[in-house]
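Structure data (compact mmCIF, N, CA and C atoms and all ligand atoms) from final34.txt:
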# COMPACT_ATOMS: atom_id res chain seq x y z
N MET A 19 -12.75 -6.48 0.72
CA MET A 19 -14.18 -6.54 0.50
C MET A 19 -14.71 -7.89 0.97
N THR A 20 -15.78 -7.88 1.73
CA THR A 20 -16.35 -9.12 2.24
C THR A 20 -17.11 -9.86 1.15
N ASP A 21 -17.32 -11.18 1.39
CA ASP A 21 -18.10 -11.96 0.42
C ASP A 21 -19.51 -11.42 0.28
N THR A 22 -20.10 -11.02 1.40
CA THR A 22 -21.46 -10.48 1.34
C THR A 22 -21.50 -9.25 0.46
N ARG A 23 -20.54 -8.37 0.66
CA ARG A 23 -20.50 -7.14 -0.14
C ARG A 23 -20.27 -7.47 -1.62
N ARG A 24 -19.38 -8.43 -1.89
CA ARG A 24 -19.11 -8.83 -3.26
C ARG A 24 -20.37 -9.37 -3.92
N LYS A 25 -21.09 -10.23 -3.18
CA LYS A 25 -22.33 -10.79 -3.73
C LYS A 25 -23.34 -9.69 -3.99
N PHE A 26 -23.42 -8.74 -3.07
CA PHE A 26 -24.36 -7.65 -3.24
C PHE A 26 -24.03 -6.84 -4.49
N LEU A 27 -22.75 -6.53 -4.67
CA LEU A 27 -22.35 -5.75 -5.84
C LEU A 27 -22.68 -6.49 -7.13
N ARG A 28 -22.49 -7.82 -7.13
CA ARG A 28 -22.84 -8.60 -8.33
C ARG A 28 -24.34 -8.49 -8.58
N ARG A 29 -25.12 -8.62 -7.50
CA ARG A 29 -26.57 -8.55 -7.65
C ARG A 29 -26.99 -7.17 -8.18
N VAL A 30 -26.42 -6.13 -7.63
CA VAL A 30 -26.75 -4.78 -8.07
C VAL A 30 -26.38 -4.60 -9.54
N GLY A 31 -25.20 -5.06 -9.89
CA GLY A 31 -24.76 -4.93 -11.27
C GLY A 31 -25.72 -5.61 -12.23
N ALA A 32 -26.29 -6.74 -11.81
CA ALA A 32 -27.22 -7.46 -12.66
C ALA A 32 -28.55 -6.73 -12.78
N LEU A 33 -28.89 -5.97 -11.76
CA LEU A 33 -30.20 -5.31 -11.76
C LEU A 33 -30.21 -4.00 -12.56
N LEU A 34 -29.07 -3.37 -12.64
CA LEU A 34 -29.04 -2.04 -13.22
C LEU A 34 -29.01 -2.06 -14.73
N SER A 35 -29.59 -1.02 -15.30
CA SER A 35 -29.57 -0.89 -16.76
C SER A 35 -28.29 -0.18 -17.17
N GLY A 36 -28.04 -0.12 -18.43
CA GLY A 36 -26.87 0.60 -18.92
C GLY A 36 -25.87 -0.32 -19.57
N GLY A 37 -25.54 -1.39 -18.95
CA GLY A 37 -24.67 -2.37 -19.56
C GLY A 37 -23.23 -1.96 -19.71
N VAL A 38 -22.81 -0.92 -19.02
CA VAL A 38 -21.42 -0.52 -19.10
C VAL A 38 -20.64 -1.28 -18.04
N ALA A 39 -19.59 -1.97 -18.46
CA ALA A 39 -18.85 -2.81 -17.53
C ALA A 39 -18.10 -1.99 -16.49
N ALA A 40 -17.44 -0.94 -16.93
CA ALA A 40 -16.69 -0.13 -15.99
C ALA A 40 -17.59 0.97 -15.48
N GLY A 41 -17.45 1.29 -14.23
CA GLY A 41 -18.31 2.35 -13.72
C GLY A 41 -17.84 2.86 -12.39
N VAL A 42 -18.47 3.89 -11.95
CA VAL A 42 -18.24 4.48 -10.65
C VAL A 42 -19.37 3.98 -9.78
N PHE A 43 -19.15 3.93 -8.50
CA PHE A 43 -20.21 3.48 -7.62
C PHE A 43 -20.73 4.62 -6.76
N LEU A 44 -21.99 4.53 -6.47
CA LEU A 44 -22.65 5.49 -5.60
C LEU A 44 -22.91 4.84 -4.27
N GLU A 45 -22.75 5.57 -3.23
CA GLU A 45 -23.14 5.07 -1.92
C GLU A 45 -24.21 5.98 -1.37
N GLY A 46 -25.25 5.38 -0.87
CA GLY A 46 -26.30 6.15 -0.24
C GLY A 46 -26.41 5.73 1.20
N CYS A 47 -26.70 6.67 2.05
CA CYS A 47 -26.85 6.35 3.46
C CYS A 47 -28.31 6.11 3.76
N ALA A 48 -28.78 4.93 3.53
CA ALA A 48 -30.15 4.57 3.84
C ALA A 48 -30.22 4.09 5.28
N SER A 49 -31.42 3.92 5.79
CA SER A 49 -31.56 3.57 7.20
C SER A 49 -30.93 2.22 7.52
N GLY A 50 -30.87 1.31 6.54
CA GLY A 50 -30.29 0.01 6.78
C GLY A 50 -28.78 0.00 6.61
N GLY A 51 -28.15 1.15 6.45
CA GLY A 51 -26.71 1.22 6.28
C GLY A 51 -26.38 1.59 4.85
N PRO A 52 -25.11 1.81 4.57
CA PRO A 52 -24.70 2.23 3.24
C PRO A 52 -25.04 1.17 2.19
N THR A 53 -25.45 1.61 1.07
CA THR A 53 -25.76 0.72 -0.03
C THR A 53 -25.04 1.25 -1.26
N VAL A 54 -24.69 0.37 -2.15
CA VAL A 54 -23.87 0.78 -3.29
C VAL A 54 -24.65 0.56 -4.59
N TYR A 55 -24.58 1.51 -5.43
CA TYR A 55 -25.26 1.43 -6.72
C TYR A 55 -24.32 1.81 -7.84
N ARG A 56 -24.54 1.25 -8.99
CA ARG A 56 -23.66 1.58 -10.10
C ARG A 56 -24.15 2.84 -10.79
N TYR A 57 -23.20 3.57 -11.23
CA TYR A 57 -23.44 4.84 -11.91
C TYR A 57 -22.71 4.73 -13.23
N ASP A 58 -23.41 5.01 -14.30
CA ASP A 58 -22.87 4.85 -15.63
C ASP A 58 -22.27 6.18 -16.09
N PRO A 59 -20.96 6.36 -16.02
CA PRO A 59 -20.37 7.65 -16.37
C PRO A 59 -20.51 7.96 -17.85
N ALA A 60 -20.60 6.95 -18.68
CA ALA A 60 -20.72 7.20 -20.12
C ALA A 60 -22.05 7.86 -20.44
N GLY A 61 -23.09 7.39 -19.79
CA GLY A 61 -24.41 7.95 -20.07
C GLY A 61 -24.83 9.02 -19.09
N ASN A 62 -24.02 9.25 -18.06
CA ASN A 62 -24.38 10.22 -17.04
C ASN A 62 -25.76 9.97 -16.46
N ILE A 63 -26.03 8.71 -16.21
CA ILE A 63 -27.33 8.32 -15.68
C ILE A 63 -27.14 7.51 -14.40
N ILE A 64 -27.99 7.79 -13.43
CA ILE A 64 -28.05 6.98 -12.22
C ILE A 64 -29.43 6.35 -12.17
N ASP A 65 -29.48 5.06 -11.98
CA ASP A 65 -30.76 4.38 -11.79
C ASP A 65 -30.83 3.85 -10.38
N LEU A 66 -31.89 4.20 -9.68
CA LEU A 66 -32.11 3.74 -8.31
C LEU A 66 -33.41 2.96 -8.25
N PHE A 67 -33.40 1.86 -7.54
CA PHE A 67 -34.65 1.18 -7.23
C PHE A 67 -35.12 1.70 -5.88
N LEU A 68 -36.36 2.14 -5.79
CA LEU A 68 -36.84 2.73 -4.55
C LEU A 68 -36.81 1.74 -3.40
N SER A 69 -36.92 0.46 -3.69
CA SER A 69 -36.90 -0.54 -2.63
C SER A 69 -35.55 -0.53 -1.89
N TRP A 70 -34.53 0.03 -2.50
CA TRP A 70 -33.23 0.11 -1.85
C TRP A 70 -33.16 1.29 -0.89
N TYR A 71 -34.06 2.24 -1.04
CA TYR A 71 -34.07 3.45 -0.20
C TYR A 71 -35.46 3.64 0.38
N PRO A 72 -35.79 2.98 1.46
CA PRO A 72 -37.12 3.12 2.06
C PRO A 72 -37.48 4.57 2.39
N GLU A 73 -36.46 5.40 2.60
CA GLU A 73 -36.74 6.82 2.89
C GLU A 73 -37.54 7.46 1.76
N LEU A 74 -37.39 6.95 0.57
CA LEU A 74 -38.04 7.58 -0.58
C LEU A 74 -39.44 7.04 -0.84
N TYR A 75 -39.92 6.15 0.01
CA TYR A 75 -41.29 5.64 -0.17
C TYR A 75 -42.33 6.72 0.08
N LYS A 76 -42.03 7.61 1.01
CA LYS A 76 -43.07 8.59 1.35
C LYS A 76 -42.67 9.99 0.89
N THR A 77 -43.68 10.79 0.60
CA THR A 77 -43.45 12.17 0.19
C THR A 77 -42.71 12.90 1.32
N GLY A 78 -41.70 13.64 0.96
CA GLY A 78 -40.88 14.34 1.94
C GLY A 78 -39.63 13.57 2.31
N GLY A 79 -39.57 12.29 1.94
CA GLY A 79 -38.39 11.49 2.23
C GLY A 79 -37.21 11.91 1.37
N ALA A 80 -36.01 11.77 1.92
CA ALA A 80 -34.82 12.20 1.19
C ALA A 80 -33.66 11.26 1.48
N VAL A 81 -32.74 11.22 0.55
CA VAL A 81 -31.53 10.42 0.74
C VAL A 81 -30.39 11.14 0.03
N GLU A 82 -29.20 11.05 0.63
CA GLU A 82 -28.02 11.64 -0.01
C GLU A 82 -27.19 10.53 -0.61
N LEU A 83 -26.87 10.68 -1.88
CA LEU A 83 -26.05 9.70 -2.59
C LEU A 83 -24.65 10.26 -2.74
N HIS A 84 -23.67 9.48 -2.36
CA HIS A 84 -22.27 9.92 -2.48
C HIS A 84 -21.62 9.22 -3.66
N LEU A 85 -21.01 9.98 -4.53
CA LEU A 85 -20.29 9.38 -5.65
C LEU A 85 -18.92 8.98 -5.16
N THR A 86 -18.68 7.70 -5.09
CA THR A 86 -17.40 7.25 -4.55
C THR A 86 -16.26 7.72 -5.44
N GLY A 87 -15.17 8.01 -4.79
CA GLY A 87 -14.01 8.49 -5.52
C GLY A 87 -14.08 9.97 -5.83
N THR A 88 -15.13 10.63 -5.38
CA THR A 88 -15.25 12.08 -5.57
C THR A 88 -15.71 12.69 -4.26
N GLU A 89 -15.75 13.99 -4.22
CA GLU A 89 -16.29 14.69 -3.05
C GLU A 89 -17.75 15.04 -3.29
N SER A 90 -18.29 14.63 -4.42
CA SER A 90 -19.64 15.04 -4.81
C SER A 90 -20.72 14.16 -4.22
N SER A 91 -21.86 14.77 -4.01
CA SER A 91 -23.04 14.01 -3.62
C SER A 91 -24.26 14.65 -4.26
N ILE A 92 -25.35 13.91 -4.20
CA ILE A 92 -26.62 14.37 -4.74
C ILE A 92 -27.69 14.05 -3.70
N VAL A 93 -28.54 15.02 -3.44
CA VAL A 93 -29.64 14.77 -2.52
C VAL A 93 -30.91 14.56 -3.35
N VAL A 94 -31.55 13.43 -3.12
CA VAL A 94 -32.78 13.10 -3.82
C VAL A 94 -33.93 13.25 -2.82
N VAL A 95 -34.98 13.96 -3.23
CA VAL A 95 -36.14 14.19 -2.37
C VAL A 95 -37.39 13.77 -3.11
N ARG A 96 -38.26 13.05 -2.42
CA ARG A 96 -39.56 12.75 -3.02
C ARG A 96 -40.48 13.91 -2.66
N VAL A 97 -40.87 14.69 -3.64
CA VAL A 97 -41.66 15.89 -3.39
C VAL A 97 -43.15 15.66 -3.63
N ALA A 98 -43.51 14.57 -4.26
CA ALA A 98 -44.91 14.22 -4.49
C ALA A 98 -44.95 12.72 -4.76
N ILE A 99 -46.13 12.17 -4.84
CA ILE A 99 -46.26 10.73 -5.03
C ILE A 99 -45.52 10.27 -6.29
N ASP A 100 -45.50 11.13 -7.30
CA ASP A 100 -44.87 10.75 -8.57
C ASP A 100 -43.78 11.71 -9.02
N ARG A 101 -43.22 12.46 -8.07
CA ARG A 101 -42.23 13.45 -8.47
C ARG A 101 -41.06 13.51 -7.47
N PHE A 102 -39.86 13.55 -8.03
CA PHE A 102 -38.63 13.60 -7.23
C PHE A 102 -37.77 14.76 -7.72
N THR A 103 -36.97 15.28 -6.80
CA THR A 103 -35.96 16.24 -7.21
C THR A 103 -34.59 15.67 -6.85
N ALA A 104 -33.58 16.14 -7.55
CA ALA A 104 -32.20 15.71 -7.28
C ALA A 104 -31.33 16.95 -7.43
N VAL A 105 -30.64 17.30 -6.35
CA VAL A 105 -29.82 18.52 -6.37
C VAL A 105 -28.46 18.26 -5.73
N SER A 106 -27.52 19.09 -6.11
CA SER A 106 -26.22 19.10 -5.42
C SER A 106 -26.41 19.91 -4.13
N PRO A 107 -25.89 19.41 -3.01
CA PRO A 107 -26.05 20.17 -1.76
C PRO A 107 -24.98 21.25 -1.55
N VAL A 108 -24.32 21.65 -2.60
CA VAL A 108 -23.27 22.67 -2.49
C VAL A 108 -23.88 24.05 -2.69
N CYS A 109 -23.80 24.86 -1.66
CA CYS A 109 -24.36 26.22 -1.72
C CYS A 109 -23.66 27.02 -2.82
N GLN A 110 -24.44 27.79 -3.54
CA GLN A 110 -23.90 28.57 -4.65
C GLN A 110 -23.29 29.90 -4.21
N HIS A 111 -23.28 30.15 -2.92
CA HIS A 111 -22.62 31.38 -2.43
C HIS A 111 -21.12 31.14 -2.29
N GLN A 112 -20.74 30.34 -1.28
CA GLN A 112 -19.31 30.08 -1.08
C GLN A 112 -19.02 28.60 -0.88
N GLY A 113 -19.96 27.75 -1.25
CA GLY A 113 -19.66 26.33 -1.29
C GLY A 113 -19.90 25.52 -0.04
N CYS A 114 -20.55 26.08 0.96
CA CYS A 114 -20.88 25.29 2.15
C CYS A 114 -21.92 24.23 1.77
N LYS A 115 -22.05 23.25 2.62
CA LYS A 115 -23.02 22.19 2.35
C LYS A 115 -24.35 22.57 2.98
N VAL A 116 -25.39 22.59 2.14
CA VAL A 116 -26.72 22.94 2.65
C VAL A 116 -27.32 21.72 3.34
N ALA A 117 -28.30 21.99 4.21
CA ALA A 117 -28.98 20.91 4.93
C ALA A 117 -30.47 21.02 4.65
N LEU A 118 -31.12 19.88 4.57
CA LEU A 118 -32.56 19.84 4.32
C LEU A 118 -33.28 19.97 5.66
N LYS A 119 -34.03 21.08 5.80
CA LYS A 119 -34.79 21.32 7.04
C LYS A 119 -36.09 22.00 6.69
N GLU A 120 -37.19 21.47 7.23
CA GLU A 120 -38.50 22.09 7.06
C GLU A 120 -38.80 22.39 5.59
N ASN A 121 -38.58 21.40 4.74
CA ASN A 121 -38.88 21.50 3.31
C ASN A 121 -38.09 22.56 2.57
N LEU A 122 -36.93 22.90 3.09
CA LEU A 122 -36.04 23.84 2.42
C LEU A 122 -34.61 23.32 2.56
N PHE A 123 -33.77 23.69 1.61
CA PHE A 123 -32.35 23.49 1.78
C PHE A 123 -31.81 24.79 2.37
N LYS A 124 -31.19 24.68 3.57
CA LYS A 124 -30.70 25.87 4.25
C LYS A 124 -29.18 25.78 4.40
N CYS A 125 -28.54 26.90 4.12
CA CYS A 125 -27.09 26.94 4.25
C CYS A 125 -26.72 27.41 5.65
N PRO A 126 -25.91 26.63 6.36
CA PRO A 126 -25.55 27.01 7.73
C PRO A 126 -24.53 28.15 7.80
N CYS A 127 -23.89 28.45 6.67
CA CYS A 127 -22.80 29.43 6.72
C CYS A 127 -23.31 30.88 6.74
N HIS A 128 -24.14 31.24 5.77
CA HIS A 128 -24.59 32.64 5.70
C HIS A 128 -26.09 32.74 5.46
N GLY A 129 -26.79 31.63 5.54
CA GLY A 129 -28.24 31.68 5.56
C GLY A 129 -28.98 31.59 4.24
N SER A 130 -28.33 31.30 3.14
CA SER A 130 -29.08 31.15 1.89
C SER A 130 -30.08 30.02 2.03
N ARG A 131 -31.21 30.17 1.33
CA ARG A 131 -32.24 29.14 1.38
C ARG A 131 -32.67 28.80 -0.05
N TYR A 132 -32.97 27.53 -0.22
CA TYR A 132 -33.35 27.02 -1.54
C TYR A 132 -34.58 26.12 -1.40
N GLY A 133 -35.39 26.07 -2.45
CA GLY A 133 -36.51 25.14 -2.47
C GLY A 133 -36.04 23.72 -2.70
N LEU A 134 -36.96 22.79 -2.60
CA LEU A 134 -36.60 21.37 -2.77
C LEU A 134 -36.12 21.07 -4.19
N ASP A 135 -36.47 21.92 -5.13
CA ASP A 135 -35.98 21.75 -6.50
C ASP A 135 -34.68 22.50 -6.74
N GLY A 136 -34.15 23.12 -5.68
CA GLY A 136 -32.90 23.86 -5.79
C GLY A 136 -33.09 25.33 -6.10
N ALA A 137 -34.33 25.78 -6.33
CA ALA A 137 -34.58 27.19 -6.67
C ALA A 137 -34.13 28.08 -5.51
N LEU A 138 -33.49 29.19 -5.86
CA LEU A 138 -33.03 30.13 -4.84
C LEU A 138 -34.22 30.87 -4.25
N ILE A 139 -34.32 30.86 -2.93
CA ILE A 139 -35.40 31.57 -2.23
C ILE A 139 -34.84 32.81 -1.55
N ALA A 140 -33.68 32.68 -0.94
CA ALA A 140 -33.08 33.84 -0.27
C ALA A 140 -31.56 33.72 -0.31
N GLY A 141 -30.89 34.88 -0.52
CA GLY A 141 -29.44 34.93 -0.60
C GLY A 141 -28.80 34.96 0.77
N PRO A 142 -27.50 35.19 0.75
CA PRO A 142 -26.71 35.92 -0.23
C PRO A 142 -26.36 35.16 -1.53
N ALA A 143 -26.60 33.87 -1.64
CA ALA A 143 -26.35 33.20 -2.92
C ALA A 143 -27.15 33.91 -4.01
N GLU A 144 -26.65 33.84 -5.22
CA GLU A 144 -27.33 34.51 -6.34
C GLU A 144 -27.80 33.53 -7.40
N LYS A 145 -27.48 32.26 -7.19
CA LYS A 145 -27.88 31.25 -8.18
C LYS A 145 -28.56 30.09 -7.46
N PRO A 146 -29.38 29.33 -8.17
CA PRO A 146 -30.00 28.13 -7.58
C PRO A 146 -28.96 27.03 -7.39
N LEU A 147 -29.32 26.03 -6.58
CA LEU A 147 -28.48 24.83 -6.48
C LEU A 147 -28.44 24.14 -7.84
N VAL A 148 -27.36 23.45 -8.10
CA VAL A 148 -27.31 22.64 -9.32
C VAL A 148 -28.34 21.52 -9.17
N SER A 149 -29.19 21.39 -10.15
CA SER A 149 -30.24 20.36 -10.07
C SER A 149 -30.15 19.44 -11.28
N TYR A 150 -30.73 18.27 -11.11
CA TYR A 150 -30.66 17.25 -12.16
C TYR A 150 -32.06 16.78 -12.48
N ARG A 151 -32.28 16.51 -13.74
CA ARG A 151 -33.59 16.01 -14.17
C ARG A 151 -33.79 14.59 -13.66
N THR A 152 -35.01 14.30 -13.24
CA THR A 152 -35.33 12.96 -12.76
C THR A 152 -36.50 12.40 -13.56
N GLU A 153 -36.56 11.11 -13.59
CA GLU A 153 -37.66 10.42 -14.29
C GLU A 153 -38.09 9.25 -13.41
N PHE A 154 -39.32 9.31 -12.96
CA PHE A 154 -39.84 8.28 -12.07
C PHE A 154 -40.52 7.19 -12.90
N ARG A 155 -40.20 5.93 -12.57
CA ARG A 155 -40.74 4.79 -13.34
C ARG A 155 -41.37 3.77 -12.40
N GLU A 156 -42.31 4.19 -11.61
CA GLU A 156 -43.08 3.33 -10.70
C GLU A 156 -42.24 2.72 -9.58
N THR A 157 -41.22 1.96 -9.91
CA THR A 157 -40.41 1.35 -8.85
C THR A 157 -38.96 1.84 -8.87
N SER A 158 -38.63 2.65 -9.85
CA SER A 158 -37.26 3.10 -9.95
C SER A 158 -37.22 4.59 -10.32
N LEU A 159 -36.07 5.14 -10.12
CA LEU A 159 -35.87 6.56 -10.41
C LEU A 159 -34.62 6.69 -11.24
N ARG A 160 -34.72 7.45 -12.31
CA ARG A 160 -33.56 7.73 -13.14
C ARG A 160 -33.16 9.18 -12.94
N ILE A 161 -31.88 9.40 -12.72
CA ILE A 161 -31.34 10.76 -12.54
C ILE A 161 -30.37 11.02 -13.68
N PHE A 162 -30.59 12.14 -14.36
CA PHE A 162 -29.75 12.51 -15.50
C PHE A 162 -28.74 13.57 -15.03
N LEU A 163 -27.48 13.21 -15.07
CA LEU A 163 -26.46 14.12 -14.56
C LEU A 163 -26.02 15.18 -15.58
N SER A 164 -26.45 15.06 -16.80
CA SER A 164 -26.10 16.11 -17.78
C SER A 164 -27.29 16.41 -18.65
FE1 LIG B 201 -24.06 29.31 1.70
FE2 LIG B 201 -22.71 31.54 2.10
S1 LIG B 201 -21.92 29.60 1.64
S2 LIG B 201 -24.83 31.25 2.14
For this file, write the structure as structure tokens.
Amino acid sequence: MTDTRRKFLRRVGALLSGGVAAGVFLEGCASGGPTVYRYDPAGNIIDLFLSWYPELYKTGGAVELHLTGTESSIVVVRVAIDRFTAVSPVCQHQGCKVALKENLFKCPCHGSRYGLDGALIAGPAEKPLVSYRTEFRETSLRIFLS
């Protein structure tokens, strides 16, 4: 780990709420390169500062967060000035990864389509995407994983 990365992680740790010393890290692919955020597994909460993800400044912007050490990710979309959605990009049909296109999550495997909130629009999937509650706080976003 480079000194720059170490310093960044210390800074992030100081900024985040939760106060849990041990944690898992999230990586998001923002335009400025990967960024790392702490994820509190005890509280199942992710706190993001929007300034870290410029993509989320405007309505329609999206970012995928990868939970390090797992195969899981969460796609966060700003759907309105004060509203965000957070969903798992795993299709509920056979597990392919959906892609965000034209304000829908579309599955490349068999064509299922989902709304930005994960609601099922068209099968063959029979269930919505797994979605997570979000809470917007002017400059930050809280995602509740349970
Ligand atoms: Fe997505 Fe089949 S895996 S539609």
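With a cut-off of 6 Å and using only C-alpha atoms and all ligand atoms, the polymer residues contacting ligand LIG 201 (chain B) are Cys109, His111, Gln112, Gly113, Cys114, Cys125, Cys127, His128, Gly129, Ser130, Pro142 and Ala143 of chain A.
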Given the point (-37.9, 20.3, -1.3) in the coordinates of this file, which residues lie within 8 Å, counting all atoms listed in the file, and how would they look as number ranges by chain?
A: 78, 95-97, 103, 118, 120-123, 132-136
So how far away is CA of Glu153 (chain A) from CA of Phe102 (chain A), in Å?
7.8 Å
Selection: 12 Å around Arg155 (chain A), only C-alpha atoms, excl. self and same-chain fewer than 2 positions, as a tab-separated table (two decimals) with N, CA and C atoms, in the frame of the given file:
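To be explicit, this is the file written out as result-v2.tsv:
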chain	number	residue	atom	x	y	z
A	65	ASP	N	-29.48	5.06	-11.98
A	65	ASP	CA	-30.76	4.38	-11.79
A	65	ASP	C	-30.83	3.85	-10.38
A	66	LEU	N	-31.89	4.20	-9.68
A	66	LEU	CA	-32.11	3.74	-8.31
A	66	LEU	C	-33.41	2.96	-8.25
A	67	PHE	N	-33.40	1.86	-7.54
A	67	PHE	CA	-34.65	1.18	-7.23
A	67	PHE	C	-35.12	1.70	-5.88
A	68	LEU	N	-36.36	2.14	-5.79
A	68	LEU	CA	-36.84	2.73	-4.55
A	68	LEU	C	-36.81	1.74	-3.40
A	99	ILE	N	-46.13	12.17	-4.84
A	99	ILE	CA	-46.26	10.73	-5.03
A	99	ILE	C	-45.52	10.27	-6.29
A	100	ASP	N	-45.50	11.13	-7.30
A	100	ASP	CA	-44.87	10.75	-8.57
A	100	ASP	C	-43.78	11.71	-9.02
A	101	ARG	N	-43.22	12.46	-8.07
A	101	ARG	CA	-42.23	13.45	-8.47
A	101	ARG	C	-41.06	13.51	-7.47
A	102	PHE	N	-39.86	13.55	-8.03
A	102	PHE	CA	-38.63	13.60	-7.23
A	102	PHE	C	-37.77	14.76	-7.72
A	152	THR	N	-35.01	14.30	-13.24
A	152	THR	CA	-35.33	12.96	-12.76
A	152	THR	C	-36.50	12.40	-13.56
A	153	GLU	N	-36.56	11.11	-13.59
A	153	GLU	CA	-37.66	10.42	-14.29
A	153	GLU	C	-38.09	9.25	-13.41
A	157	THR	N	-41.22	1.96	-9.91
A	157	THR	CA	-40.41	1.35	-8.85
A	157	THR	C	-38.96	1.84	-8.87
A	158	SER	N	-38.63	2.65	-9.85
A	158	SER	CA	-37.26	3.10	-9.95
A	158	SER	C	-37.22	4.59	-10.32
A	159	LEU	N	-36.07	5.14	-10.12
A	159	LEU	CA	-35.87	6.56	-10.41
A	159	LEU	C	-34.62	6.69	-11.24
A	160	ARG	N	-34.72	7.45	-12.31
A	160	ARG	CA	-33.56	7.73	-13.14
A	160	ARG	C	-33.16	9.18	-12.94
A	161	ILE	N	-31.88	9.40	-12.72
A	161	ILE	CA	-31.34	10.76	-12.54
A	161	ILE	C	-30.37	11.02	-13.68
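Secondary structure from DSSP on the backbone puts strand (DSSP E) at the following positions of region 119-160 of chain A: Lys119, Leu122, Phe123, Lys124, Arg131, Tyr132, Leu138, Ile139, Ala140, Ser149, Tyr150, Arg151, Thr152, Glu153, Phe154, Ser158, Leu159 and Arg160 of chain A.
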